[in-house]
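Asks: What follows is query_13.cif, mmCIF, C-alpha atoms.
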data_model
loop_
_atom_site.group_PDB
_atom_site.id
_atom_site.type_symbol
_atom_site.label_atom_id
_atom_site.label_comp_id
_atom_site.auth_asym_id
_atom_site.auth_seq_id
_atom_site.Cartn_x
_atom_site.Cartn_y
_atom_site.Cartn_z
ATOM 1 C CA MET A 1 29.937 -6.808 3.148
ATOM 2 C CA LYS A 2 27.113 -9.323 3.271
ATOM 3 C CA ARG A 3 27.119 -9.187 7.073
ATOM 4 C CA PHE A 4 26.754 -5.407 6.949
ATOM 5 C CA ILE A 5 23.921 -5.566 4.452
ATOM 6 C CA ALA A 6 22.152 -8.142 6.603
ATOM 7 C CA SER A 7 22.468 -5.898 9.658
ATOM 8 C CA ALA A 8 21.311 -2.872 7.699
ATOM 9 C CA ALA A 9 18.313 -4.735 6.379
ATOM 10 C CA ALA A 10 17.375 -5.979 9.829
ATOM 11 C CA CYS A 11 17.559 -2.451 11.254
ATOM 12 C CA ALA A 12 15.552 -1.026 8.371
ATOM 13 C CA CYS A 13 12.968 -3.757 8.826
ATOM 14 C CA LEU A 14 12.320 -2.511 12.334
ATOM 15 C CA PHE A 15 12.600 1.241 11.766
ATOM 16 C CA LEU A 16 11.465 1.765 8.149
ATOM 17 C CA CYS A 17 8.608 -0.784 8.109
ATOM 18 C CA ALA A 18 10.089 -2.795 5.221
ATOM 19 C CA CYS A 19 13.160 -2.552 3.034
ATOM 20 C CA GLY A 20 15.338 -4.466 0.646
ATOM 21 C CA VAL A 21 18.989 -4.091 -0.374
ATOM 22 C CA GLY A 22 20.570 -5.650 -3.433
ATOM 23 C CA ASN A 23 19.216 -6.796 -6.740
ATOM 24 C CA THR A 24 20.766 -10.197 -7.411
ATOM 25 C CA GLU A 25 18.160 -12.538 -8.793
ATOM 26 C CA GLY A 26 17.716 -15.845 -6.996
ATOM 27 C CA GLU A 27 15.703 -17.797 -4.498
ATOM 28 C CA THR A 28 14.188 -16.045 -1.517
ATOM 29 C CA THR A 29 14.112 -17.433 1.982
ATOM 30 C CA ALA A 30 12.031 -15.917 4.736
ATOM 31 C CA GLU A 31 12.843 -15.545 8.384
ATOM 32 C CA THR A 32 10.199 -14.019 10.599
ATOM 33 C CA THR A 33 11.772 -11.542 12.953
ATOM 34 C CA ALA A 34 10.505 -10.990 16.459
ATOM 35 C CA ALA A 35 8.402 -7.942 15.784
ATOM 36 C CA PRO A 36 8.139 -5.170 18.362
ATOM 37 C CA GLU A 37 4.671 -4.560 19.750
ATOM 38 C CA ASP A 38 4.169 -1.569 17.444
ATOM 39 C CA LEU A 39 4.683 -3.807 14.397
ATOM 40 C CA LEU A 40 2.084 -6.409 15.380
ATOM 41 C CA TYR A 41 -1.451 -5.203 15.058
ATOM 42 C CA THR A 42 -4.742 -6.635 16.285
ATOM 43 C CA ALA A 43 -8.233 -5.264 16.328
ATOM 44 C CA ALA A 44 -7.819 -4.342 19.994
ATOM 45 C CA GLU A 45 -4.787 -2.141 19.390
ATOM 46 C CA GLY A 46 -6.280 0.641 17.337
ATOM 47 C CA PRO A 47 -7.697 1.728 13.983
ATOM 48 C CA GLU A 48 -4.959 0.011 11.941
ATOM 49 C CA THR A 49 -6.873 -3.264 12.068
ATOM 50 C CA ALA A 50 -10.430 -4.418 12.334
ATOM 51 C CA PRO A 51 -12.329 -7.691 12.398
ATOM 52 C CA GLU A 52 -12.641 -9.590 9.150
ATOM 53 C CA ALA A 53 -15.149 -12.317 8.428
ATOM 54 C CA ASP A 54 -13.234 -14.983 10.362
ATOM 55 C CA GLY A 55 -11.514 -12.878 13.024
ATOM 56 C CA PRO A 56 -9.169 -9.912 13.412
ATOM 57 C CA ILE A 57 -6.466 -9.193 10.859
ATOM 58 C CA GLU A 58 -3.025 -9.631 12.396
ATOM 59 C CA TYR A 59 0.296 -9.116 10.665
ATOM 60 C CA GLU A 60 3.981 -8.744 11.373
ATOM 61 C CA TYR A 61 7.043 -7.845 9.332
ATOM 62 C CA THR A 62 9.163 -10.641 7.897
ATOM 63 C CA HIS A 63 12.847 -10.493 7.022
ATOM 64 C CA VAL A 64 13.465 -12.079 3.605
ATOM 65 C CA GLU A 65 16.832 -13.034 2.126
ATOM 66 C CA TYR A 66 16.913 -12.247 -1.566
ATOM 67 C CA GLY A 67 19.532 -13.826 -3.802
ATOM 68 C CA GLU A 68 23.135 -13.776 -2.565
ATOM 69 C CA THR A 69 23.279 -10.309 -1.025
ATOM 70 C CA GLY A 70 19.775 -8.901 -1.050
ATOM 71 C CA PHE A 71 17.334 -8.531 1.818
ATOM 72 C CA PHE A 72 13.998 -6.872 2.324
ATOM 73 C CA CYS A 73 11.146 -6.920 4.789
ATOM 74 C CA CYS A 74 7.478 -7.134 3.990
ATOM 75 C CA PRO A 75 4.260 -7.423 5.995
ATOM 76 C CA ARG A 76 2.979 -10.959 6.481
ATOM 77 C CA LEU A 77 -0.523 -11.838 7.591
ATOM 78 C CA LEU A 78 -0.767 -14.237 10.502
ATOM 79 C CA GLY A 79 -3.180 -17.118 10.839
ATOM 80 C CA GLU A 80 -4.439 -19.924 8.657
ATOM 81 C CA GLY A 81 -5.323 -19.459 4.994
ATOM 82 C CA LYS A 82 -3.091 -16.413 4.433
ATOM 83 C CA SER A 83 -0.276 -18.073 2.469
ATOM 84 C CA ALA A 84 -1.597 -16.874 -0.907
ATOM 85 C CA ILE A 85 -1.521 -13.228 0.183
ATOM 86 C CA ASN A 86 1.870 -13.553 1.863
ATOM 87 C CA GLY A 87 3.369 -15.245 -1.183
ATOM 88 C CA ALA A 88 1.903 -12.637 -3.531
ATOM 89 C CA ILE A 89 3.320 -9.728 -1.510
ATOM 90 C CA GLU A 90 6.761 -11.318 -1.260
ATOM 91 C CA LYS A 91 6.856 -12.091 -4.986
ATOM 92 C CA ALA A 92 5.646 -8.588 -5.885
ATOM 93 C CA VAL A 93 8.405 -6.895 -3.868
ATOM 94 C CA THR A 94 11.003 -9.325 -5.247
ATOM 95 C CA ASP A 95 9.906 -8.630 -8.829
ATOM 96 C CA GLN A 96 9.837 -4.908 -8.113
ATOM 97 C CA LEU A 97 13.446 -4.931 -6.938
ATOM 98 C CA SER A 98 14.515 -7.140 -9.844
ATOM 99 C CA ALA A 99 13.003 -4.682 -12.314
ATOM 100 C CA LEU A 100 15.258 -1.894 -11.010
ATOM 101 C CA ASP A 101 18.207 -3.609 -12.717
ATOM 102 C CA ALA A 102 20.471 -2.003 -10.097
ATOM 103 C CA PRO A 103 21.075 -2.296 -6.350
ATOM 104 C CA GLY A 104 18.075 -0.938 -4.534
ATOM 105 C CA TYR A 105 15.773 -1.140 -1.566
ATOM 106 C CA ALA A 106 12.030 -1.056 -1.023
ATOM 107 C CA ILE A 107 9.861 0.435 1.685
ATOM 108 C CA CYS A 108 6.562 -1.394 2.051
ATOM 109 C CA GLU A 109 3.807 0.176 4.105
ATOM 110 C CA VAL A 110 0.432 -1.173 5.151
ATOM 111 C CA MET A 111 -1.992 1.518 4.064
ATOM 112 C CA TYR A 112 -5.205 -0.126 5.296
ATOM 113 C CA SER A 113 -5.933 -3.267 7.258
ATOM 114 C CA GLY A 114 -9.473 -4.059 8.290
ATOM 115 C CA ALA A 115 -12.983 -5.011 7.172
ATOM 116 C CA GLY A 116 -11.561 -8.005 5.339
ATOM 117 C CA LEU A 117 -9.206 -5.801 3.288
ATOM 118 C CA PHE A 118 -5.406 -5.583 3.270
ATOM 119 C CA SER A 119 -3.900 -2.771 1.202
ATOM 120 C CA VAL A 120 -0.150 -2.146 0.912
ATOM 121 C CA LYS A 121 2.175 0.144 -1.026
ATOM 122 C CA SER A 122 5.783 -0.729 -1.836
ATOM 123 C CA CYS A 123 8.167 2.033 -2.951
ATOM 124 C CA ALA A 124 11.456 0.889 -4.514
ATOM 125 C CA MET A 125 14.513 3.092 -4.915
ATOM 126 C CA MET A 126 17.927 2.517 -6.421
ATOM 127 C CA ILE A 127 20.796 3.032 -4.005
ATOM 128 C CA ALA A 128 22.917 6.065 -4.841
ATOM 129 C CA ASP A 129 26.704 5.778 -5.064
ATOM 130 C CA GLU A 130 27.150 7.676 -1.800
ATOM 131 C CA ASP A 131 24.858 5.200 -0.053
ATOM 132 C CA MET A 132 26.802 2.223 -1.424
ATOM 133 C CA SER A 133 30.009 3.486 0.210
ATOM 134 C CA SER A 134 28.380 4.497 3.476
ATOM 135 C CA SER A 135 28.128 2.367 6.601
ATOM 136 C CA ALA A 136 24.699 3.744 7.421
ATOM 137 C CA VAL A 137 21.353 2.285 6.456
ATOM 138 C CA PRO A 138 20.161 4.131 3.300
ATOM 139 C CA ALA A 139 17.500 6.669 4.138
ATOM 140 C CA PRO A 140 14.375 6.682 1.963
ATOM 141 C CA ARG A 141 14.357 9.497 -0.582
ATOM 142 C CA THR A 142 10.717 9.909 -1.533
ATOM 143 C CA GLU A 143 11.540 12.565 -4.129
ATOM 144 C CA CYS A 144 13.299 9.990 -6.319
ATOM 145 C CA VAL A 145 11.187 6.865 -6.027
ATOM 146 C CA ASP A 146 11.911 4.609 -8.983
ATOM 147 C CA SER A 147 8.952 2.279 -8.652
ATOM 148 C CA VAL A 148 5.657 2.305 -6.761
ATOM 149 C CA LEU A 149 3.572 -0.826 -6.423
ATOM 150 C CA PRO A 150 0.236 -0.755 -4.570
ATOM 151 C CA ILE A 151 -1.614 -4.030 -3.962
ATOM 152 C CA THR A 152 -4.977 -4.625 -2.312
ATOM 153 C CA PHE A 153 -6.308 -8.013 -1.242
ATOM 154 C CA ASP A 154 -9.538 -9.505 -0.065
ATOM 155 C CA ALA A 155 -8.131 -10.876 3.201
ATOM 156 C CA VAL A 156 -10.901 -13.481 3.452
ATOM 157 C CA SER A 157 -10.709 -15.047 -0.027
ATOM 158 C CA GLY A 158 -7.031 -14.209 -0.592
ATOM 159 C CA GLU A 159 -7.781 -12.690 -4.002
ATOM 160 C CA GLN A 160 -5.979 -9.594 -5.259
ATOM 161 C CA LEU A 161 -8.497 -6.884 -6.110
ATOM 162 C CA THR A 162 -8.572 -4.659 -9.163
ATOM 163 C CA LEU A 163 -10.065 -1.186 -9.130
ATOM 164 C CA ALA A 164 -13.134 -2.504 -10.954
ATOM 165 C CA ASP A 165 -13.751 -5.037 -8.166
ATOM 166 C CA LEU A 166 -14.619 -2.182 -5.815
ATOM 167 C CA PHE A 167 -17.470 -0.779 -7.901
ATOM 168 C CA ASP A 168 -20.983 -1.737 -8.901
ATOM 169 C CA PRO A 169 -20.720 -3.521 -12.290
ATOM 170 C CA GLU A 170 -24.120 -2.101 -13.210
ATOM 171 C CA ASN A 171 -22.976 1.498 -12.812
ATOM 172 C CA GLU A 172 -19.759 2.569 -14.524
ATOM 173 C CA ARG A 173 -20.077 6.272 -13.826
ATOM 174 C CA TRP A 174 -16.962 5.969 -11.633
ATOM 175 C CA ARG A 175 -14.810 5.569 -14.743
ATOM 176 C CA GLY A 176 -15.513 9.163 -15.746
ATOM 177 C CA LEU A 177 -15.881 10.653 -12.280
ATOM 178 C CA ILE A 178 -12.407 9.591 -11.097
ATOM 179 C CA PRO A 179 -10.514 11.428 -13.890
ATOM 180 C CA ASP A 180 -12.653 14.524 -13.278
ATOM 181 C CA ILE A 181 -11.675 14.532 -9.595
ATOM 182 C CA VAL A 182 -8.032 13.817 -10.478
ATOM 183 C CA THR A 183 -7.992 16.759 -12.888
ATOM 184 C CA LEU A 184 -9.428 19.127 -10.272
ATOM 185 C CA GLN A 185 -6.917 17.991 -7.653
ATOM 186 C CA ALA A 186 -4.030 18.319 -10.111
ATOM 187 C CA GLU A 187 -5.076 21.877 -10.935
ATOM 188 C CA LYS A 188 -5.246 22.771 -7.221
ATOM 189 C CA GLN A 189 -1.743 21.359 -6.804
ATOM 190 C CA GLU A 190 -0.609 23.420 -9.821
ATOM 191 C CA MET A 191 0.510 20.206 -11.477
ATOM 192 C CA THR A 192 1.256 20.427 -15.192
ATOM 193 C CA LEU A 193 -0.862 17.838 -17.004
ATOM 194 C CA LEU A 194 0.445 16.526 -20.321
ATOM 195 C CA SER A 195 -2.996 15.544 -21.617
ATOM 196 C CA ASP A 196 -6.562 14.915 -20.586
ATOM 197 C CA VAL A 197 -6.888 12.291 -17.869
ATOM 198 C CA MET A 198 -8.405 9.188 -19.450
ATOM 199 C CA PRO A 199 -11.330 7.233 -17.960
ATOM 200 C CA ALA A 200 -10.279 4.892 -15.166
ATOM 201 C CA ALA A 201 -9.425 1.391 -16.364
ATOM 202 C CA ASP A 202 -10.014 -1.846 -14.472
ATOM 203 C CA ASP A 203 -6.291 -2.208 -13.695
ATOM 204 C CA ARG A 204 -5.584 1.388 -12.649
ATOM 205 C CA LEU A 205 -3.075 1.472 -9.779
ATOM 206 C CA PHE A 206 -4.721 2.195 -6.417
ATOM 207 C CA TYR A 207 -4.664 1.563 -2.711
ATOM 208 C CA LEU A 208 -7.100 2.184 0.118
ATOM 209 C CA THR A 209 -6.818 4.138 3.334
ATOM 210 C CA GLU A 210 -9.364 4.465 6.109
ATOM 211 C CA ASP A 211 -10.968 7.482 4.414
ATOM 212 C CA ALA A 212 -9.939 7.480 0.777
ATOM 213 C CA LEU A 213 -9.370 5.661 -2.469
ATOM 214 C CA VAL A 214 -5.913 6.704 -3.661
ATOM 215 C CA ILE A 215 -5.320 6.636 -7.432
ATOM 216 C CA LEU A 216 -1.748 6.444 -8.763
ATOM 217 C CA TYR A 217 -0.175 7.270 -12.121
ATOM 218 C CA ARG A 218 3.248 6.415 -13.492
ATOM 219 C CA PRO A 219 5.838 9.083 -14.357
ATOM 220 C CA TYR A 220 4.926 10.940 -17.552
ATOM 221 C CA GLU A 221 1.582 9.128 -17.752
ATOM 222 C CA ILE A 222 -0.399 12.290 -17.094
ATOM 223 C CA ALA A 223 2.119 14.821 -15.765
ATOM 224 C CA THR A 224 5.678 16.048 -16.119
ATOM 225 C CA TYR A 225 8.746 14.412 -14.569
ATOM 226 C CA SER A 226 8.672 16.705 -11.548
ATOM 227 C CA ALA A 227 5.377 15.123 -10.453
ATOM 228 C CA GLY A 228 7.051 11.734 -9.993
ATOM 229 C CA TRP A 229 4.404 9.097 -9.306
ATOM 230 C CA PRO A 230 1.324 11.313 -8.823
ATOM 231 C CA GLU A 231 -1.142 10.182 -6.168
ATOM 232 C CA PHE A 232 -4.672 11.504 -5.730
ATOM 233 C CA ALA A 233 -6.618 10.707 -2.572
ATOM 234 C CA ILE A 234 -10.341 10.669 -3.332
ATOM 235 C CA PRO A 235 -12.537 10.737 -0.204
ATOM 236 C CA LEU A 236 -14.759 7.668 -0.189
ATOM 237 C CA ASP A 237 -17.882 9.758 0.301
ATOM 238 C CA GLN A 238 -17.254 11.435 -3.083
ATOM 239 C CA LEU A 239 -17.804 8.033 -4.674
ATOM 240 C CA SER A 240 -20.744 6.964 -2.514
ATOM 241 C CA GLY A 241 -23.445 5.104 -4.401
ATOM 242 C CA LEU A 242 -20.957 3.777 -6.935
ATOM 243 C CA PHE A 243 -19.312 1.023 -4.890
ATOM 244 C CA ALA A 244 -20.576 -2.550 -5.204
ATOM 245 C CA PRO A 245 -23.443 -2.901 -2.667
ATOM 246 C CA GLU A 246 -22.045 -6.158 -1.285
ATOM 247 C CA GLY A 247 -18.444 -5.355 -2.159
ATOM 248 C CA PRO A 248 -15.329 -4.792 -0.046
ATOM 249 C CA VAL A 249 -15.583 -1.010 0.254
ATOM 250 C CA ALA A 250 -19.245 -1.226 1.239
ATOM 251 C CA SER A 251 -18.236 -3.522 4.108
ATOM 252 C CA MET A 252 -15.433 -1.121 5.000
ATOM 253 C CA LEU A 253 -17.840 1.835 5.151
ATOM 254 C CA THR A 254 -20.358 -0.164 7.202
ATOM 255 C CA GLU A 255 -17.664 -1.078 9.705
ATOM 256 C CA LYS A 256 -16.424 2.499 9.865
ATOM 257 C CA ALA A 257 -19.943 3.806 10.492
ATOM 258 C CA ALA A 258 -20.450 1.246 13.260
ATOM 259 C CA ALA A 259 -17.126 2.212 14.874
ATOM 260 C CA GLU A 260 -18.017 5.908 14.732
ATOM 261 C CA GLU A 261 -21.406 5.204 16.291
ATOM 262 C CA THR A 262 -19.791 3.201 19.093
ATOM 263 C CA HIS A 263 -17.298 6.002 19.681
ATOM 264 C CA LYS A 264 -20.124 8.530 19.784
ATOM 265 C CA GLU A 265 -22.073 6.456 22.303
ATOM 266 C CA ARG A 266 -19.017 6.117 24.544
ATOM 267 C CA ASN A 267 -18.452 9.870 24.479
ATOM 268 C CA THR A 268 -22.093 10.433 25.356
ATOM 269 C CA GLU A 269 -21.785 8.047 28.303
ATOM 270 C CA LYS A 270 -18.661 9.829 29.537
ATOM 271 C CA GLU A 271 -20.365 13.224 29.334
ATOM 272 C CA SER A 272 -23.364 11.969 31.260
#
Hey, can you dump this file as structure tokens for me?
Replies:
Amino acid sequence: MKRFIASAAACACLFLCACGVGNTEGETTAETTAAPEDLLYTAAEGPETAPEADGPIEYEYTHVEYGETGFFCCPRLLGEGKSAINGAIEKAVTDQLSALDAPGYAICEVMYSGAGLFSVKSCAMMIADEDMSSSAVPAPRTECVDSVLPITFDAVSGEQLTLADLFDPENERWRGLIPDIVTLQAEKQEMTLLSDVMPAADDRLFYLTEDALVILYRPYEIATYSAGWPEFAIPLDQLSGLFAPEGPVASMLTEKAAAEETHKERNTEKES
């Protein structure tokens, strides 16, 4: 059985980005798998990565043995000085699976990597009875996610960022603007809200994409069970002027603007 689970985890590591099977508490040991080219990103390979302060962000997926029968895969940054981030991600996914209190697996996805930022989202799901008796790798069922854990790091300092770290400490208008935008998006989605959306707290769950700040809520926190873990993608330009002037998102926007300008110049050259 353990051999099957190991094979399933290895396959899922390659085809599902990251996964874990089992929930037996214990020590974890990591074994870096030979990642296919599409799982190893550098600044030269596309928009998934971009230069940070001390070079391009590179990462690969690592196969981790968890307890006696559990396995999962998670992204691991390459290069010196990244052990704090790698350890934090591995521990977060391990704790997430432990909290399920049942056999489960996790799918971890890199949501943004660039401009000195590394943002991931891990979705954990308990394995259904039919999956336990099947010889196939469990397929992710996004409609019944049991736990969602987004984490964003400053890839240069290694520090995990809170939502408040993104914004100007002298201007807290974002705390009220975010729930207003969330409410409008929920209404457009015809989502049933259980109460008014409260001002955004420092530790509100979030992750970053190339174009948006995505705010997450837990089941029943603001909406009914059918909403699951509601996510609201807020375009970064809707929050312009509120981010910390020298902060991580400001650097991200500067880099994006520079990339767009370079792309525009190249198109102009081609046309001429």
Asks: Residues at most 9 Å from region 84-97 of chain A, counting only C-alpha atoms, excluding those fewer than 5 positions away in the same chain, as a count of residues only?
Replies: 36
Asks: Just the number, please: distance in Å from CA of Asp168 (chain A) to CA of Pro219 (chain A), one decimal.
Replies: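 CA of Asp168 (chain A) sits 29.4 Å away from CA of Pro219 (chain A).
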Asks: Can you tell me how far CA of Val156 (chain A) sits from CA of Ala212 (chain A), in Å to one decimal?
Replies: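 Straight-line distance from CA of Val156 (chain A) to CA of Ala212 (chain A) works out to 21.2 Å.
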Asks: Calculate, to one decimal in Å, the centre and edge lengths of the box along x, y and z of the file that holds all listed atoms of region 218-228 of chain A with 8 Å of margin on each side, and present them as lines of an AutoDock Vina configuration file.
Replies:
center_x = 4.2
center_y = 11.6
center_z = -13.9
size_x = 25.1
size_y = 26.3
size_z = 23.8
Asks: When you count all atoms listed in the file, which of these residues is closest to Glu80 (chain A): A:Glu246, A:Asp101, A:Glu58, A:Glu255?
Replies: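 Ranking A:Glu246, A:Asp101, A:Glu58, A:Glu255 by distance to Glu80 (chain A), first place goes to A:Glu58.
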Asks: Just how far from CA of Glu109 (chain A) is CA of Ser226 (chain A), in Å to one decimal?
Replies: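 Interatomic distance here is 23.3 Å.
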Asks: Given the choices A:Val145, A:Leu194, A:Ala115, A:Ala200, which gets closest to Ser251 (chain A) if the distance is worked out from all atoms listed in the file?
Replies: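 Nearest to Ser251 (chain A): A:Ala115.
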Asks: My list of candidates is A:Ala227, A:Val249, A:Ile222, A:Leu78. Which is closest to Thr183 (chain A) when distances are computed with all atoms listed in the file?
Replies: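 Going through A:Ala227, A:Val249, A:Ile222, A:Leu78 one by one, the smallest distance to Thr183 (chain A) is for A:Ile222.
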Asks: Got a sec to resolve the PyMOL selection byres ((chain A and resi 225) around 12) on this structure and send the residues as JSON, numbers by chain?
Replies: {"A": [143, 144, 145, 146, 191, 192, 193, 194, 217, 218, 219, 220, 221, 222, 223, 224, 226, 227, 228, 229, 230]}
Asks: Could you save those same residues with C-alpha atoms as an mmCIF file, keeping the file's coordinate frame?
Replies:
data_model
loop_
_atom_site.group_PDB
_atom_site.id
_atom_site.type_symbol
_atom_site.label_atom_id
_atom_site.label_comp_id
_atom_site.auth_asym_id
_atom_site.auth_seq_id
_atom_site.Cartn_x
_atom_site.Cartn_y
_atom_site.Cartn_z
ATOM 1 C CA GLU A 143 11.540 12.565 -4.129
ATOM 2 C CA CYS A 144 13.299 9.990 -6.319
ATOM 3 C CA VAL A 145 11.187 6.865 -6.027
ATOM 4 C CA ASP A 146 11.911 4.609 -8.983
ATOM 5 C CA MET A 191 0.510 20.206 -11.477
ATOM 6 C CA THR A 192 1.256 20.427 -15.192
ATOM 7 C CA LEU A 193 -0.862 17.838 -17.004
ATOM 8 C CA LEU A 194 0.445 16.526 -20.321
ATOM 9 C CA TYR A 217 -0.175 7.270 -12.121
ATOM 10 C CA ARG A 218 3.248 6.415 -13.492
ATOM 11 C CA PRO A 219 5.838 9.083 -14.357
ATOM 12 C CA TYR A 220 4.926 10.940 -17.552
ATOM 13 C CA GLU A 221 1.582 9.128 -17.752
ATOM 14 C CA ILE A 222 -0.399 12.290 -17.094
ATOM 15 C CA ALA A 223 2.119 14.821 -15.765
ATOM 16 C CA THR A 224 5.678 16.048 -16.119
ATOM 17 C CA SER A 226 8.672 16.705 -11.548
ATOM 18 C CA ALA A 227 5.377 15.123 -10.453
ATOM 19 C CA GLY A 228 7.051 11.734 -9.993
ATOM 20 C CA TRP A 229 4.404 9.097 -9.306
ATOM 21 C CA PRO A 230 1.324 11.313 -8.823
#
Asks: Could you list, as number ranges by chain, every residue within 12 Å of Tyr207 (chain A), counting all atoms listed in the file and ignoring same-chain residues fewer than 2 positions away?
Replies: A: 109-113, 117-122, 148-153, 160-163, 166, 203-205, 209-217, 231-234, 249
Asks: Using only C-alpha atoms, pick whichever of A:Glu190, A:Glu269, A:Asp165, A:Asp196 has the shortest atom-to-atom distance to Pro245 (chain A).
Replies: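 Among the listed residues, the smallest separation from Pro245 (chain A) belongs to A:Asp165.
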